[in-house]
Amino acid sequence: MFEELGLKTITNINNIGRASRFIWQSFKTSFRSCVNSKTYPLIWTQMHIIGVKSVPVIMVTGAFVGMTLAIQAYDQLRFMGLEERLGILINVSVVKELGPVLAAVMLAGRIGGALTAELGTMKVTEQIDAIRSMGTDPVRYLIAPRILACLFLTPFLIIYADLLGIIGGYFISVVQLKINSEVYWDFSAQAVDLWDVSIGIVKGLFFGGAIASISCYKGFHCREGAEGVGQACTEAFVASFISILALNFMLGVIFKAVYNTLWPMKLLL
């Protein structure tokens, strides 16, 4: 039993070290690729696949998040006579937490799985070895464009999710629940400021980097065969989902500490 436990521990440590080296090399190569014009066509292609094709599902996700918040929170606020402040709850929740997190989760399912399956298939069919044999760095050719595309476009996709969440919440609150439109927007404008929007955008950078790096690593190191590719896709989504939740918690703590340091007097208002 102790021998098996020790073997698993050593294996996990080796996997962590290998993943750390891969992610460090990938980000280092990605930043170098930003000044290399030869990689720009590869980046544009990945931006179209990752960004443009993800807009519909992100917009639908954001819209339903806002509408669901409006439906669920209205009765509780109405019992306290605060239904006109429904816009504060909806918009702050969407912009700071639910919009970025759920948009990133949808990207992890759509983009993360696709990246893992694509690279895993290339690994199984020895296409990556063929690229390496031709003197081309597979990290620069395959990984860097995907990581850069996720880093650049995830914040914009989160903005789309926030916008549709706000519109969806407005539609339910004003059209269906008959809350005064002017009062709804007045309270929302008082509660949501540039800091809240910036938090969601900055979170998008970390979420995009985590999704791309984990998915590419799982695809590059998947086992042989169709079963290995399928297992790598599952592991990539689970690891991306957990990393999104962990990063959201850590960034929330950091941003709260920064806010309390920069604007301590607002806590007393």
# chains A, B, ... in the order shown; residues from 1 in each chain; ligands from 1
call {"tool": "closest_atom_pairs", "arguments": {"of": "region 77-179 of chain A", "to": "region 27-35 of chain A", "cutoff": "8 Å", "atoms": "only C-alpha atoms", "output": "Markdown table"}}
result
| residue | atom | partner | partner_atom | distance |
| --- | --- | --- | --- | --- |
| A:Val139 | CA | A:Thr29 | CA | 7.2 |
| A:Arg140 | CA | A:Thr29 | CA | 6.0 |
| A:Ile143 | CA | A:Ser30 | CA | 7.7 |
| A:Ala144 | CA | A:Ser30 | CA | 4.4 |
| A:Pro145 | CA | A:Ser30 | CA | 7.1 |
| A:Ile147 | CA | A:Ser30 | CA | 7.0 |
| A:Leu148 | CA | A:Ser30 | CA | 6.5 |
call {"tool": "closest_atom_pairs", "arguments": {"of": "region 34-135 of chain A", "to": "region 247-263 of chain A", "cutoff": "12 Å", "atoms": "only C-alpha atoms", "output": "tab-separated table"}}
result
residue	atom	partner	partner_atom	distance
A:Lys96	CA	A:Gly252	CA	9.1
A:Glu97	CA	A:Asn248	CA	8.1
A:Leu98	CA	A:Asn248	CA	10.3
A:Gly99	CA	A:Asn248	CA	11.7
A:Pro100	CA	A:Asn248	CA	9.0
A:Val101	CA	A:Asn248	CA	7.4
A:Leu102	CA	A:Asn248	CA	11.1
A:Ala104	CA	A:Asn248	CA	10.5
A:Val105	CA	A:Asn248	CA	11.6
call {"tool": "write_last_selection", "arguments": {"atoms": "C-alpha atoms", "output": "short mmCIF file (atom, residue, chain, number, x, y, z; two decimals), in the first residue's frame"}}
result
data_model
loop_
_atom_site.label_atom_id
_atom_site.label_comp_id
_atom_site.auth_asym_id
_atom_site.auth_seq_id
_atom_site.Cartn_x
_atom_site.Cartn_y
_atom_site.Cartn_z
CA LYS A 96 -18.63 41.19 -11.47
CA GLU A 97 -19.26 37.46 -11.04
CA LEU A 98 -21.82 35.53 -13.05
CA GLY A 99 -21.04 37.01 -16.47
CA PRO A 100 -17.28 36.34 -16.42
CA VAL A 101 -17.52 32.94 -14.71
CA LEU A 102 -20.33 31.47 -16.81
CA ALA A 104 -15.54 31.26 -19.16
CA VAL A 105 -17.23 27.95 -18.34
#
call {"tool": "select_by_dssp", "arguments": {"residues": "region 28-196 of chain A", "states": "alpha helix (DSSP H)", "output": "ChimeraX atom specification"}}
result
/A:28-33,40-50,55-79,86-93,99-107,113-124,127-133,138,144-170,181-191,194-196
call {"tool": "residues_around", "arguments": {"residues": "Gly120 (chain A)", "least_positions_apart": "6", "cutoff": "6 Å", "atoms": "only C-alpha atoms", "output": "short mmCIF file (atom, residue, chain, number, x, y, z; two decimals) with C-alpha atoms, in the first residue's frame"}}
result
data_model
loop_
_atom_site.label_atom_id
_atom_site.label_comp_id
_atom_site.auth_asym_id
_atom_site.auth_seq_id
_atom_site.Cartn_x
_atom_site.Cartn_y
_atom_site.Cartn_z
CA GLY A 219 -3.98 17.68 -26.09
CA PHE A 220 -0.20 17.59 -26.38
CA CYS A 222 -2.88 12.65 -24.38
CA VAL A 229 -8.26 11.73 -26.88
#
call {"tool": "residues_around", "arguments": {"residues": "Met106 (chain A)", "least_positions_apart": "3", "cutoff": "9 Å", "atoms": "only C-alpha atoms", "output": "list in words"}}
result
Ser54, Val57, Ile58, Thr61, Val101, Leu102, Ala103, Gly109, Arg110 and Ile111 of chain A
call {"tool": "write_last_selection", "arguments": {"atoms": "C-alpha atoms", "output": "tab-separated table (two decimals), in the first residue's frame"}}
result
chain	number	residue	atom	x	y	z
A	54	SER	CA	-18.29	31.71	-29.78
A	57	VAL	CA	-23.45	30.88	-27.37
A	58	ILE	CA	-21.92	33.54	-25.11
A	61	THR	CA	-25.71	32.44	-21.91
A	101	VAL	CA	-17.52	32.94	-14.71
A	102	LEU	CA	-20.33	31.47	-16.81
A	103	ALA	CA	-18.88	32.86	-20.03
A	109	GLY	CA	-16.70	23.52	-22.84
A	110	ARG	CA	-16.73	24.79	-26.39
A	111	ILE	CA	-13.17	25.99	-27.00
call {"tool": "atom_distance", "arguments": {"atom1": "CA of Lys123 (chain A)", "atom2": "CA of Leu245 (chain A)"}}
result
29.2 Å
call {"tool": "residues_around", "arguments": {"residues": "Met59 (chain A)", "least_positions_apart": "4", "cutoff": "10 Å", "atoms": "only C-alpha atoms", "output": "PDB file with C-alpha atoms, in the first residue's frame"}}
result
ATOM      1  CA  SER A  54     -18.287  31.713 -29.782  1.00  0.00           C
ATOM      2  CA  VAL A  55     -20.301  34.946 -29.803  1.00  0.00           C
ATOM      3  CA  ALA A  63     -29.137  36.776 -21.665  1.00  0.00           C
ATOM      4  CA  PHE A  64     -30.528  33.815 -19.733  1.00  0.00           C
ATOM      5  CA  VAL A  65     -28.352  34.615 -16.709  1.00  0.00           C
ATOM      6  CA  ALA A 103     -18.884  32.859 -20.033  1.00  0.00           C
ATOM      7  CA  LEU A 157     -16.601  37.776 -25.045  1.00  0.00           C
ATOM      8  CA  ILE A 158     -17.204  38.533 -21.363  1.00  0.00           C
ATOM      9  CA  ILE A 159     -18.287  42.050 -22.340  1.00  0.00           C
ATOM     10  CA  TYR A 160     -20.809  40.493 -24.739  1.00  0.00           C
ATOM     11  CA  ALA A 161     -22.091  38.237 -21.954  1.00  0.00           C
ATOM     12  CA  ASP A 162     -22.395  41.205 -19.566  1.00  0.00           C
ATOM     13  CA  LEU A 163     -24.246  43.283 -22.157  1.00  0.00           C
ATOM     14  CA  LEU A 164     -26.772  40.562 -22.945  1.00  0.00           C
ATOM     15  CA  GLY A 165     -27.181  39.793 -19.234  1.00  0.00           C
TER      16      GLY A 165
END
call {"tool": "atom_distance", "arguments": {"atom1": "CA of Asn36 (chain A)", "atom2": "CA of Phe152 (chain A)"}}
result
16.3 Å
call {"tool": "residues_around", "arguments": {"residues": "region 50-53 of chain A", "least_positions_apart": "6", "cutoff": "7 Å", "atoms": "only C-alpha atoms", "output": "PyMOL selection string"}}
result
chain A and resi 111+149-150+153
call {"tool": "write_last_selection", "arguments": {"atoms": "N, CA and C atoms", "output": "mmCIF file, in the first residue's frame"}}
result
data_model
loop_
_atom_site.group_PDB
_atom_site.id
_atom_site.type_symbol
_atom_site.label_atom_id
_atom_site.label_comp_id
_atom_site.auth_asym_id
_atom_site.auth_seq_id
_atom_site.Cartn_x
_atom_site.Cartn_y
_atom_site.Cartn_z
ATOM 1 N N ILE A 111 -14.512 25.796 -26.461
ATOM 2 C CA ILE A 111 -13.166 25.994 -26.997
ATOM 3 C C ILE A 111 -12.178 24.999 -26.403
ATOM 4 N N ALA A 149 -4.973 34.005 -28.893
ATOM 5 C CA ALA A 149 -6.366 34.250 -29.271
ATOM 6 C C ALA A 149 -7.281 34.207 -28.054
ATOM 7 N N CYS A 150 -7.054 33.246 -27.158
ATOM 8 C CA CYS A 150 -7.872 33.175 -25.942
ATOM 9 C C CYS A 150 -7.628 34.370 -25.029
ATOM 10 N N LEU A 153 -9.315 37.590 -26.731
ATOM 11 C CA LEU A 153 -10.743 37.630 -27.026
ATOM 12 C C LEU A 153 -11.645 37.256 -25.853
#
call {"tool": "residues_around", "arguments": {"residues": "Glu118 (chain A)", "least_positions_apart": "6", "cutoff": "12 Å", "atoms": "only C-alpha atoms", "output": "PDB file with N, CA and C atoms, in the first residue's frame"}}
result
ATOM      1  N   ILE A 111     -14.512  25.796 -26.461  1.00  0.00           N
ATOM      2  CA  ILE A 111     -13.166  25.994 -26.997  1.00  0.00           C
ATOM      3  C   ILE A 111     -12.178  24.999 -26.403  1.00  0.00           C
ATOM      4  N   GLY A 112     -12.238  24.789 -25.084  1.00  0.00           N
ATOM      5  CA  GLY A 112     -11.290  23.887 -24.452  1.00  0.00           C
ATOM      6  C   GLY A 112     -11.365  22.477 -25.009  1.00  0.00           C
ATOM      7  N   VAL A 124      -1.920  11.897 -31.781  1.00  0.00           N
ATOM      8  CA  VAL A 124      -2.122  10.473 -32.031  1.00  0.00           C
ATOM      9  C   VAL A 124      -1.714  10.098 -33.451  1.00  0.00           C
ATOM     10  N   THR A 125      -2.011  10.966 -34.405  1.00  0.00           N
ATOM     11  CA  THR A 125      -1.675  10.685 -35.809  1.00  0.00           C
ATOM     12  C   THR A 125      -0.262  11.136 -36.170  1.00  0.00           C
ATOM     13  N   GLN A 127       1.185  13.970 -36.327  1.00  0.00           N
ATOM     14  CA  GLN A 127       1.352  15.219 -37.079  1.00  0.00           C
ATOM     15  C   GLN A 127       2.275  16.181 -36.330  1.00  0.00           C
ATOM     16  N   ILE A 128       2.220  16.161 -35.005  1.00  0.00           N
ATOM     17  CA  ILE A 128       3.105  17.029 -34.225  1.00  0.00           C
ATOM     18  C   ILE A 128       4.557  16.610 -34.421  1.00  0.00           C
ATOM     19  N   LEU A 142       1.637  25.834 -33.094  1.00  0.00           N
ATOM     20  CA  LEU A 142       0.327  25.330 -32.705  1.00  0.00           C
ATOM     21  C   LEU A 142      -0.211  25.952 -31.422  1.00  0.00           C
ATOM     22  N   ILE A 143       0.645  26.126 -30.418  1.00  0.00           N
ATOM     23  CA  ILE A 143       0.172  26.536 -29.089  1.00  0.00           C
ATOM     24  C   ILE A 143       0.048  28.053 -28.976  1.00  0.00           C
ATOM     25  N   ARG A 146      -3.108  29.863 -30.335  1.00  0.00           N
ATOM     26  CA  ARG A 146      -4.316  29.541 -29.579  1.00  0.00           C
ATOM     27  C   ARG A 146      -4.338  30.255 -28.223  1.00  0.00           C
ATOM     28  N   SER A 215      -5.967  23.218 -21.898  1.00  0.00           N
ATOM     29  CA  SER A 215      -6.463  22.438 -23.030  1.00  0.00           C
ATOM     30  C   SER A 215      -5.328  22.024 -23.958  1.00  0.00           C
ATOM     31  N   CYS A 216      -4.408  22.943 -24.236  1.00  0.00           N
ATOM     32  CA  CYS A 216      -3.279  22.607 -25.107  1.00  0.00           C
ATOM     33  C   CYS A 216      -2.371  21.566 -24.448  1.00  0.00           C
ATOM     34  N   TYR A 217      -2.165  21.686 -23.159  1.00  0.00           N
ATOM     35  CA  TYR A 217      -1.320  20.704 -22.469  1.00  0.00           C
ATOM     36  C   TYR A 217      -1.948  19.315 -22.524  1.00  0.00           C
ATOM     37  N   LYS A 218      -3.235  19.221 -22.248  1.00  0.00           N
ATOM     38  CA  LYS A 218      -3.902  17.921 -22.291  1.00  0.00           C
ATOM     39  C   LYS A 218      -3.882  17.337 -23.695  1.00  0.00           C
ATOM     40  N   GLY A 219      -4.036  18.183 -24.725  1.00  0.00           N
ATOM     41  CA  GLY A 219      -3.979  17.681 -26.087  1.00  0.00           C
ATOM     42  C   GLY A 219      -2.598  17.223 -26.488  1.00  0.00           C
ATOM     43  N   PHE A 220      -1.581  17.936 -26.029  1.00  0.00           N
ATOM     44  CA  PHE A 220      -0.197  17.594 -26.378  1.00  0.00           C
ATOM     45  C   PHE A 220       0.269  16.312 -25.686  1.00  0.00           C
ATOM     46  N   CYS A 222      -1.836  13.658 -24.506  1.00  0.00           N
ATOM     47  CA  CYS A 222      -2.881  12.647 -24.377  1.00  0.00           C
ATOM     48  C   CYS A 222      -2.324  11.265 -24.726  1.00  0.00           C
ATOM     49  N   ALA A 226      -8.367   6.630 -29.693  1.00  0.00           N
ATOM     50  CA  ALA A 226      -9.548   7.479 -29.539  1.00  0.00           C
ATOM     51  C   ALA A 226      -9.936   7.637 -28.080  1.00  0.00           C
ATOM     52  N   VAL A 229      -7.815  10.381 -26.501  1.00  0.00           N
ATOM     53  CA  VAL A 229      -8.255  11.731 -26.877  1.00  0.00           C
ATOM     54  C   VAL A 229      -9.523  12.110 -26.123  1.00  0.00           C
ATOM     55  N   GLY A 230     -10.467  11.187 -26.022  1.00  0.00           N
ATOM     56  CA  GLY A 230     -11.704  11.485 -25.291  1.00  0.00           C
ATOM     57  C   GLY A 230     -11.455  11.754 -23.823  1.00  0.00           C
ATOM     58  N   ALA A 232      -8.681  12.881 -22.559  1.00  0.00           N
ATOM     59  CA  ALA A 232      -7.987  14.173 -22.457  1.00  0.00           C
ATOM     60  C   ALA A 232      -8.975  15.333 -22.530  1.00  0.00           C
ATOM     61  N   CYS A 233      -9.995  15.227 -23.385  1.00  0.00           N
ATOM     62  CA  CYS A 233     -11.011  16.287 -23.472  1.00  0.00           C
ATOM     63  C   CYS A 233     -11.773  16.441 -22.163  1.00  0.00           C
TER      64      CYS A 233
END
call {"tool": "atom_distance", "arguments": {"atom1": "CA of Thr136 (chain A)", "atom2": "CA of Thr39 (chain A)"}}
result
12.3 Å
call {"tool": "closest_residue", "arguments": {"among": "A:Arg85, A:Asn91, A:Asp137, A:Ile131", "to": "Gln25 (chain A)", "atoms": "only C-alpha atoms"}}
result
A:Asp137
call {"tool": "closest_residue", "arguments": {"among": "A:Gly200, A:Gly228, A:Pro41, A:Gly87", "to": "Tyr170 (chain A)", "atoms": "only C-alpha atoms"}}
result
A:Gly87
